[in-house]
Amino acid sequence: MGVSLPGGGGKGGRKGLNVNVNLVPFIDLLSALISFLIMTAVWNQTNLIEVEQGVNPNPPESDKPPDPDDKPPIGIEIQKDGILIGRTLPERVQIPLVAKGATSAATGNPALDEKFCTEALQGQCYDYPKLEELIVEKRKEKPDEEMIIIMTDDGVWYQEMIRTMDLTRKLGYPKTLLSGTPE
Amino acid sequence: MPIEKPGRRKALTPIGKLRSGSFGGGHKSGFVDLNLTPMVDMFTILVVFLLINFSSTGEILFMAKDMKLPEAEQVDEMNIGPVITITPEHILLVGKPVAETAPLLEIGNQEIPVLKEKLEKLVEQHNRLSRKTPKPGEPFEGKLIIQADVKQDFRVLKKVIYTANAAGWFHLNFAVTGIGEAAEGGGGEAAH
C-alpha cells in the first residue's frame with residue numbers, strides 16, 4: 001500500500017503533479033466488508049412488543065392505606081362492533097365502527113386510514129383516531145399513569161390488539177395488562 | 001516557481017503523441033487504465049447501506065410460511081426466548097407442533113395441556129441451567145415470544161396466553177414487524 005510519485009526519488013528534474021493512489025487494498029477491504037455484511041444481513045424488520053402479564057404474587061408491603069380517590073386504570077375492550085373505553089363499567093363509552101371511506105368521529109374529523117378497515121369488519125373500520133382522543137382526555141385525570149388494560153373479545157383479529165397496544169404505548173402507557181372475555 | 005514572461009506556448013499534446021495514443025495508429029500499449037472511481041463509489045454506497053441495515057442483536061426469528069406479522073411503531077429489540085408460533089393449522093413450540101389450532105376455536109377449556117406441560121419443563125430446564133432455586137411465589141424471569149398471523153382469532157391467543165401464564169411465563173413478547181423510527185433504530189425506543 002502506498003502512493004507512487006512518478007519522477008520521484010531521483011535527483012533534480014520536475015516532480016509530476018499527478019499522484020496515483022493505490023486503490024487495490026481499498027477495493028479488497030470494501031469487497032471483504034460487503035461480503036460479510038451481505039452474509040449477516042437481516043432483511044425482515046422483526047421486533048417485539050413486551051408485555052408483563054399477571055400480577056406480582058408478592059407485592060411490596062406498604063403501610064399506606066389505599067387511596068379511595070385513586071382511580072382504577074383505563075380499560076379498553078375491543079369488540080366485534082366497536083371499542084369500549086372507560087375506567088369503570090358505568091363510565092364506559094362506546095366508539096362505534098365507522099363505514100369505510102367515512103371520516104372519524106374525533107374532533108377535527110381526521111380522514112380514516114384504510115388499514116383500520118379489515119375483511120372481518122365487512123366494509124367497516126375501527127375508529128382509532130377517536131380512541132386516541134379519548135385516551136388523551138382520560139390521561140389528563142391521572143398524568144403519571146403507566147398501566148392500561150386491554151381486553152379483546154373472541155373473534156377479533158390479533159392485529160387489532162397489537163394496534164391498540166401500539167397506540168397506548170405511543171401515548172405513554174408502557175405497561176399493558178392483557179385480558180380476554182370469559183367464554 | 002520562477003516567473004516567466006508571457007509568450008508563445010507549445011501545443012499541449014503533440015500530434016505525434018495523439019497518433020500513438022489509444023485513438024490513433026501505431027503500437028498499442030498492453031496496459032489499460034481501468035477507471036476504478038465509479039466502482040469504489042458504488043462499493044462505498046453499498047457498505048454504507050448495509051451498515052445502516054446491520055442488526056447488532058444477531059437475533060433472527062424464523063417465520064412460518066404465509067405468515068404476516070402485525071405492524072407496530074413502538075417496539076422493543078429482539079431477544080432470546082422460546083417461540084410459540086400460531087399457524088392456522090398448528091400451535092408450535094420451538095418449531096415442534098404441540099396442538100391443533102382448529103379445536104381451540106371452539107368454546108371449551110382455556111388451557112392447552114400439552115403446551116402447558118412443555119412450558120413447565122422449559123421453566124425447570126431454565127432454572128437448572130441458571131442453577132437457581134426459585135423461592136416460593138417468586139415470578140419466573142424467562143421471556144416467551146409469541147408469533148401469530150394478523151388475522152388470527154384472539155380466542156386462540158387468549159388460550160395460549162392463559163396456558164403460558166399457568167405454566168409460569170409472565171413476560172410475553174409479541175413478534176411484530178417494526179415500522180417507523182423506533183424499529184429502524186433497532187427498537188428499544190418505545191414510549192417509556
# chains A, B, ... in the order shown; residues from 1 in each chain; ligands from 1

$ interface_residues --of "chain A" --to "chain B" --cutoff "8 Å" --atoms "only C-alpha atoms" --output "number ranges by chain"
A: 23, 27, 30-31, 33-34, 37-38, 40-54, 56-58, 152-159, 162-163, 166, 169-174, 179-180, 183

$ write_last_selection --atoms "N, CA and C atoms" --output "short mmCIF file (atom, residue, chain, number, x, y, z; two decimals), in the first residue's frame"
data_model
loop_
_atom_site.label_atom_id
_atom_site.label_comp_id
_atom_site.auth_asym_id
_atom_site.auth_seq_id
_atom_site.Cartn_x
_atom_site.Cartn_y
_atom_site.Cartn_z
N LEU A 23 -5.38 1.85 -5.29
CA LEU A 23 -6.75 1.56 -4.84
C LEU A 23 -6.99 0.08 -4.54
N ILE A 27 -10.08 -1.53 -2.39
CA ILE A 27 -11.13 -2.34 -3.01
C ILE A 27 -11.22 -3.71 -2.32
N LEU A 30 -13.11 -3.20 0.93
CA LEU A 30 -14.53 -2.97 0.68
C LEU A 30 -15.23 -4.26 0.27
N SER A 31 -14.56 -5.06 -0.56
CA SER A 31 -15.17 -6.34 -1.01
C SER A 31 -15.39 -7.27 0.17
N LEU A 33 -15.72 -6.43 3.31
CA LEU A 33 -16.75 -5.83 4.16
C LEU A 33 -18.14 -6.09 3.58
N ILE A 34 -18.27 -5.93 2.27
CA ILE A 34 -19.57 -6.15 1.62
C ILE A 34 -19.98 -7.62 1.76
N LEU A 37 -21.12 -8.20 5.34
CA LEU A 37 -22.40 -7.56 5.65
C LEU A 37 -23.56 -8.23 4.93
N ILE A 38 -23.34 -8.69 3.70
CA ILE A 38 -24.42 -9.37 2.98
C ILE A 38 -24.72 -10.70 3.66
N THR A 40 -24.39 -11.46 6.79
CA THR A 40 -25.02 -11.31 8.11
C THR A 40 -26.28 -10.44 8.07
N ALA A 41 -26.66 -10.02 6.88
CA ALA A 41 -27.81 -9.09 6.77
C ALA A 41 -29.11 -9.78 7.18
N VAL A 42 -29.94 -9.03 7.89
CA VAL A 42 -31.28 -9.50 8.25
C VAL A 42 -32.25 -8.58 7.54
N TRP A 43 -32.99 -9.13 6.61
CA TRP A 43 -33.81 -8.26 5.77
C TRP A 43 -35.18 -7.96 6.36
N ASN A 44 -35.71 -8.87 7.17
CA ASN A 44 -37.03 -8.57 7.74
C ASN A 44 -36.87 -7.87 9.09
N GLN A 45 -37.61 -6.80 9.24
CA GLN A 45 -37.52 -5.98 10.45
C GLN A 45 -38.46 -6.54 11.52
N THR A 46 -38.05 -7.65 12.13
CA THR A 46 -38.91 -8.22 13.16
C THR A 46 -38.50 -7.66 14.52
N ASN A 47 -39.48 -7.16 15.22
CA ASN A 47 -39.24 -6.62 16.56
C ASN A 47 -40.25 -7.23 17.52
N LEU A 48 -40.20 -6.78 18.73
CA LEU A 48 -41.09 -7.35 19.75
C LEU A 48 -41.84 -6.25 20.50
N ILE A 49 -42.99 -6.64 21.02
CA ILE A 49 -43.70 -5.76 21.96
C ILE A 49 -43.74 -6.53 23.27
N GLU A 50 -43.13 -5.97 24.29
CA GLU A 50 -43.04 -6.69 25.57
C GLU A 50 -44.24 -6.39 26.45
N VAL A 51 -44.75 -7.45 27.04
CA VAL A 51 -45.88 -7.30 27.96
C VAL A 51 -45.57 -8.11 29.21
N GLU A 52 -45.71 -7.46 30.36
CA GLU A 52 -45.54 -8.20 31.61
C GLU A 52 -46.92 -8.58 32.09
N GLN A 53 -47.25 -9.80 31.86
CA GLN A 53 -48.58 -10.28 32.15
C GLN A 53 -48.67 -10.76 33.59
N GLY A 54 -49.81 -10.58 34.19
CA GLY A 54 -50.02 -11.09 35.55
C GLY A 54 -49.63 -10.08 36.60
N ASN A 56 -47.78 -9.37 40.33
CA ASN A 56 -46.74 -9.90 41.22
C ASN A 56 -47.40 -10.59 42.43
N PRO A 57 -47.11 -11.89 42.66
CA PRO A 57 -47.76 -12.57 43.78
C PRO A 57 -47.32 -12.03 45.15
N ASN A 58 -46.14 -11.40 45.19
CA ASN A 58 -45.67 -10.82 46.45
C ASN A 58 -45.50 -9.30 46.31
N THR A 152 -59.65 -8.07 24.77
CA THR A 152 -60.03 -8.35 23.38
C THR A 152 -61.08 -9.46 23.36
N ASP A 153 -62.11 -9.24 22.61
CA ASP A 153 -63.19 -10.23 22.52
C ASP A 153 -62.80 -11.37 21.58
N ASP A 154 -63.47 -12.50 21.77
CA ASP A 154 -63.27 -13.63 20.85
C ASP A 154 -63.76 -13.24 19.46
N GLY A 155 -63.05 -13.66 18.46
CA GLY A 155 -63.45 -13.37 17.08
C GLY A 155 -62.80 -12.12 16.52
N VAL A 156 -62.18 -11.33 17.39
CA VAL A 156 -61.49 -10.12 16.92
C VAL A 156 -60.09 -10.52 16.44
N TRP A 157 -59.64 -9.92 15.38
CA TRP A 157 -58.32 -10.25 14.84
C TRP A 157 -57.22 -9.80 15.80
N TYR A 158 -56.17 -10.60 15.82
CA TYR A 158 -54.98 -10.34 16.66
C TYR A 158 -54.37 -8.97 16.38
N GLN A 159 -54.41 -8.54 15.10
CA GLN A 159 -53.78 -7.26 14.75
C GLN A 159 -54.45 -6.07 15.44
N ILE A 162 -52.77 -5.70 18.81
CA ILE A 162 -51.42 -5.13 18.65
C ILE A 162 -51.52 -3.64 18.32
N ARG A 163 -52.48 -3.29 17.45
CA ARG A 163 -52.64 -1.89 17.05
C ARG A 163 -53.03 -1.02 18.25
N ASP A 166 -50.03 -0.72 20.51
CA ASP A 166 -49.06 0.21 19.90
C ASP A 166 -49.49 1.66 20.17
N ARG A 169 -49.00 2.55 23.91
CA ARG A 169 -47.57 2.75 24.20
C ARG A 169 -47.10 4.10 23.67
N LYS A 170 -47.63 4.46 22.50
CA LYS A 170 -47.28 5.75 21.90
C LYS A 170 -47.77 6.90 22.79
N LEU A 171 -48.92 6.67 23.47
CA LEU A 171 -49.50 7.74 24.29
C LEU A 171 -48.95 7.73 25.72
N GLY A 172 -47.95 6.88 25.98
CA GLY A 172 -47.28 6.93 27.28
C GLY A 172 -47.68 5.88 28.29
N TYR A 173 -48.21 4.76 27.82
CA TYR A 173 -48.54 3.67 28.72
C TYR A 173 -47.62 2.48 28.43
N PRO A 174 -46.47 2.40 29.11
CA PRO A 174 -45.55 1.29 28.79
C PRO A 174 -46.01 -0.06 29.32
N SER A 179 -56.15 -9.02 28.56
CA SER A 179 -57.25 -9.83 29.10
C SER A 179 -58.17 -10.25 27.97
N GLY A 180 -58.94 -11.27 28.22
CA GLY A 180 -59.91 -11.73 27.23
C GLY A 180 -61.27 -11.87 27.89
N GLU A 183 -65.61 -17.25 28.36
CA GLU A 183 -66.43 -17.98 27.37
C GLU A 183 -67.73 -18.45 28.01
#

$ select_by_dssp --residues "region 64-144 of chain A" --states "strand (DSSP E)" --output "list in words"
Ile74, Gly75, Ile76, Glu77, Ile78, Gln79, Gly82, Ile83, Leu84, Ile85, Gly86, Val93, Gln94, Ile95, Pro96, Val98, Ala99, Gln124 and Cys125 of chain A

$ write_last_selection --atoms "N, CA and C atoms" --output "mmCIF file, in the first residue's frame"
data_model
loop_
_atom_site.group_PDB
_atom_site.id
_atom_site.type_symbol
_atom_site.label_atom_id
_atom_site.label_comp_id
_atom_site.auth_asym_id
_atom_site.auth_seq_id
_atom_site.Cartn_x
_atom_site.Cartn_y
_atom_site.Cartn_z
ATOM 1 N N ILE A 74 -57.332 2.707 33.068
ATOM 2 C CA ILE A 74 -58.243 2.764 31.910
ATOM 3 C C ILE A 74 -58.373 1.352 31.328
ATOM 4 N N GLY A 75 -59.578 0.992 31.015
ATOM 5 C CA GLY A 75 -59.822 -0.304 30.379
ATOM 6 C C GLY A 75 -60.335 -0.096 28.957
ATOM 7 N N ILE A 76 -59.748 -0.829 28.010
ATOM 8 C CA ILE A 76 -60.201 -0.746 26.610
ATOM 9 C C ILE A 76 -60.680 -2.131 26.209
ATOM 10 N N GLU A 77 -61.883 -2.211 25.732
ATOM 11 C CA GLU A 77 -62.388 -3.508 25.266
ATOM 12 C C GLU A 77 -62.621 -3.442 23.762
ATOM 13 N N ILE A 78 -61.909 -4.294 23.039
ATOM 14 C CA ILE A 78 -62.071 -4.329 21.581
ATOM 15 C C ILE A 78 -63.143 -5.377 21.275
ATOM 16 N N GLN A 79 -64.249 -4.893 20.767
ATOM 17 C CA GLN A 79 -65.350 -5.797 20.437
ATOM 18 C C GLN A 79 -65.473 -5.929 18.922
ATOM 19 N N GLY A 82 -67.150 -2.538 17.709
ATOM 20 C CA GLY A 82 -66.675 -1.242 18.197
ATOM 21 C C GLY A 82 -65.704 -1.392 19.347
ATOM 22 N N ILE A 83 -65.369 -0.253 19.952
ATOM 23 C CA ILE A 83 -64.415 -0.262 21.076
ATOM 24 C C ILE A 83 -65.056 0.431 22.270
ATOM 25 N N LEU A 84 -64.888 -0.191 23.447
ATOM 26 C CA LEU A 84 -65.389 0.415 24.679
ATOM 27 C C LEU A 84 -64.203 0.947 25.458
ATOM 28 N N ILE A 85 -64.354 2.119 26.049
ATOM 29 C CA ILE A 85 -63.259 2.680 26.850
ATOM 30 C C ILE A 85 -63.824 3.337 28.102
ATOM 31 N N GLY A 86 -63.137 3.111 29.218
ATOM 32 C CA GLY A 86 -63.578 3.717 30.477
ATOM 33 C C GLY A 86 -62.826 3.116 31.641
ATOM 34 N N VAL A 93 -67.527 4.304 27.534
ATOM 35 C CA VAL A 93 -68.041 4.982 26.340
ATOM 36 C C VAL A 93 -67.823 4.053 25.152
ATOM 37 N N GLN A 94 -68.798 3.947 24.284
ATOM 38 C CA GLN A 94 -68.591 3.101 23.116
ATOM 39 C C GLN A 94 -68.191 3.924 21.892
ATOM 40 N N ILE A 95 -67.193 3.427 21.184
ATOM 41 C CA ILE A 95 -66.780 4.055 19.921
ATOM 42 C C ILE A 95 -67.267 3.111 18.821
ATOM 43 N N PRO A 96 -68.326 3.468 18.139
ATOM 44 C CA PRO A 96 -68.846 2.540 17.122
ATOM 45 C C PRO A 96 -67.949 2.443 15.891
ATOM 46 N N VAL A 98 -66.948 2.690 11.992
ATOM 47 C CA VAL A 98 -67.210 3.746 11.006
ATOM 48 C C VAL A 98 -67.178 3.110 9.619
ATOM 49 N N ALA A 99 -68.074 3.545 8.754
ATOM 50 C CA ALA A 99 -68.092 2.995 7.387
ATOM 51 C C ALA A 99 -66.807 3.340 6.646
ATOM 52 N N GLN A 124 -66.410 -2.023 7.287
ATOM 53 C CA GLN A 124 -66.390 -1.019 8.354
ATOM 54 C C GLN A 124 -64.999 -0.958 8.989
ATOM 55 N N CYS A 125 -64.776 0.090 9.757
ATOM 56 C CA CYS A 125 -63.432 0.289 10.298
ATOM 57 C C CYS A 125 -63.508 0.686 11.771
#

$ residues_around --residues "Ala102 (chain A)" --least-positions-apart "4" --cutoff "12 Å" --atoms "only C-alpha atoms" --output "list in words"
Leu97, Val98, Ala106, Asn109, Pro110, Ala111, Leu112, Asp113, Glu114, Phe116, Cys117, Gly123, Gln124, Cys125, Tyr126 and Asp127 of chain A

$ write_last_selection --atoms "all heavy atoms" --output "tab-separated table (two decimals), in the first residue's frame"
chain	number	residue	atom	x	y	z
A	97	LEU	N	-68.19	1.41	15.10
A	97	LEU	CA	-67.45	1.25	13.85
A	97	LEU	C	-67.85	2.35	12.88
A	97	LEU	O	-68.96	2.87	12.95
A	97	LEU	CB	-67.75	-0.12	13.23
A	97	LEU	CG	-67.29	-1.36	13.99
A	97	LEU	CD1	-67.78	-2.62	13.29
A	97	LEU	CD2	-65.78	-1.41	14.13
A	98	VAL	N	-66.95	2.69	11.99
A	98	VAL	CA	-67.21	3.75	11.01
A	98	VAL	C	-67.18	3.11	9.62
A	98	VAL	O	-66.36	2.21	9.37
A	98	VAL	CB	-66.13	4.85	11.12
A	98	VAL	CG1	-66.32	5.92	10.08
A	98	VAL	CG2	-66.13	5.47	12.51
A	106	ALA	N	-63.66	11.68	15.74
A	106	ALA	CA	-62.79	12.52	16.58
A	106	ALA	C	-62.91	13.99	16.17
A	106	ALA	O	-63.27	14.29	15.03
A	106	ALA	CB	-61.34	12.07	16.44
A	109	ASN	N	-62.26	15.66	12.76
A	109	ASN	CA	-62.57	14.63	11.76
A	109	ASN	C	-61.40	14.25	10.86
A	109	ASN	O	-61.42	14.49	9.66
A	109	ASN	CB	-63.75	15.08	10.88
A	109	ASN	CG	-65.04	15.10	11.66
A	109	ASN	OD1	-65.20	14.35	12.61
A	109	ASN	ND2	-65.94	15.96	11.26
A	110	PRO	N	-60.36	13.66	11.44
A	110	PRO	CA	-59.25	13.24	10.55
A	110	PRO	C	-59.71	12.11	9.63
A	110	PRO	O	-60.57	11.31	9.99
A	110	PRO	CB	-58.19	12.74	11.53
A	110	PRO	CG	-58.91	12.43	12.79
A	110	PRO	CD	-60.13	13.28	12.84
A	111	ALA	N	-59.12	12.08	8.46
A	111	ALA	CA	-59.50	11.04	7.49
A	111	ALA	C	-59.09	9.68	8.05
A	111	ALA	O	-58.00	9.52	8.59
A	111	ALA	CB	-58.80	11.30	6.17
A	112	LEU	N	-59.96	8.73	7.94
A	112	LEU	CA	-59.70	7.40	8.50
A	112	LEU	C	-58.80	6.61	7.56
A	112	LEU	O	-59.06	6.52	6.37
A	112	LEU	CB	-61.04	6.69	8.69
A	112	LEU	CG	-61.13	5.73	9.86
A	112	LEU	CD1	-60.83	6.42	11.18
A	112	LEU	CD2	-62.50	5.10	9.92
A	113	ASP	N	-57.75	6.05	8.14
A	113	ASP	CA	-56.80	5.27	7.34
A	113	ASP	C	-57.46	3.95	6.94
A	113	ASP	O	-58.14	3.32	7.76
A	113	ASP	CB	-55.55	5.00	8.20
A	113	ASP	CG	-54.37	4.59	7.37
A	113	ASP	OD1	-54.58	3.87	6.38
A	113	ASP	OD2	-53.24	5.00	7.70
A	114	GLU	N	-57.21	3.53	5.71
A	114	GLU	CA	-57.84	2.29	5.23
A	114	GLU	C	-57.35	1.04	5.95
A	114	GLU	O	-58.01	0.01	5.92
A	114	GLU	CB	-57.60	2.14	3.72
A	114	GLU	CG	-58.72	2.76	2.93
A	114	GLU	CD	-58.83	2.23	1.53
A	114	GLU	OE1	-58.38	1.11	1.27
A	114	GLU	OE2	-59.38	2.96	0.70
A	116	PHE	N	-57.34	0.57	8.96
A	116	PHE	CA	-58.21	0.30	10.11
A	116	PHE	C	-59.44	-0.52	9.70
A	116	PHE	O	-60.26	-0.89	10.53
A	116	PHE	CB	-58.66	1.60	10.79
A	116	PHE	CG	-57.54	2.48	11.27
A	116	PHE	CD1	-57.68	3.85	11.34
A	116	PHE	CD2	-56.33	1.91	11.68
A	116	PHE	CE1	-56.64	4.66	11.80
A	116	PHE	CE2	-55.29	2.71	12.13
A	116	PHE	CZ	-55.44	4.08	12.19
A	117	CYS	N	-59.61	-0.74	8.41
A	117	CYS	CA	-60.76	-1.49	7.91
A	117	CYS	C	-60.27	-2.88	7.51
A	117	CYS	O	-59.35	-2.99	6.71
A	117	CYS	CB	-61.37	-0.81	6.70
A	117	CYS	SG	-61.43	0.99	6.84
A	123	GLY	N	-66.45	-4.09	5.51
A	123	GLY	CA	-66.63	-2.73	5.00
A	123	GLY	C	-66.69	-1.65	6.06
A	123	GLY	O	-67.00	-0.51	5.77
A	124	GLN	N	-66.41	-2.02	7.29
A	124	GLN	CA	-66.39	-1.02	8.35
A	124	GLN	C	-65.00	-0.96	8.99
A	124	GLN	O	-64.19	-1.86	8.79
A	124	GLN	CB	-67.45	-1.36	9.39
A	124	GLN	CG	-68.86	-1.15	8.85
A	124	GLN	CD	-69.89	-1.37	9.92
A	124	GLN	OE1	-69.96	-2.44	10.50
A	124	GLN	NE2	-70.70	-0.35	10.18
A	125	CYS	N	-64.78	0.09	9.76
A	125	CYS	CA	-63.43	0.29	10.30
A	125	CYS	C	-63.51	0.69	11.77
A	125	CYS	O	-64.46	1.33	12.20
A	125	CYS	CB	-62.72	1.42	9.56
A	125	CYS	SG	-63.07	1.52	7.82
A	126	TYR	N	-62.46	0.32	12.53
A	126	TYR	CA	-62.35	0.79	13.91
A	126	TYR	C	-61.92	2.25	13.89
A	126	TYR	O	-61.05	2.62	13.12
A	126	TYR	CB	-61.33	-0.04	14.68
A	126	TYR	CG	-61.83	-1.41	15.11
A	126	TYR	CD1	-61.32	-2.58	14.55
A	126	TYR	CD2	-62.82	-1.52	16.08
A	126	TYR	CE1	-61.78	-3.82	14.95
A	126	TYR	CE2	-63.28	-2.75	16.48
A	126	TYR	CZ	-62.76	-3.91	15.92
A	126	TYR	OH	-63.22	-5.13	16.30
A	127	ASP	N	-62.54	3.04	14.75
A	127	ASP	CA	-62.25	4.47	14.78
A	127	ASP	C	-61.08	4.74	15.76
A	127	ASP	O	-61.29	5.19	16.89
A	127	ASP	CB	-63.52	5.23	15.19
A	127	ASP	CG	-63.41	6.72	14.92
A	127	ASP	OD1	-62.30	7.18	14.62
A	127	ASP	OD2	-64.45	7.41	15.04

$ closest_residue --among "A:Glu91, A:Ala120, A:Pro72, A:Met165" --to "Glu145 (chain A)" --atoms "only C-alpha atoms"
A:Pro72

$ atom_distance --atom1 "CA of Ala166 (chain B)" --atom2 "CA of Lys116 (chain B)"
7.3 Å
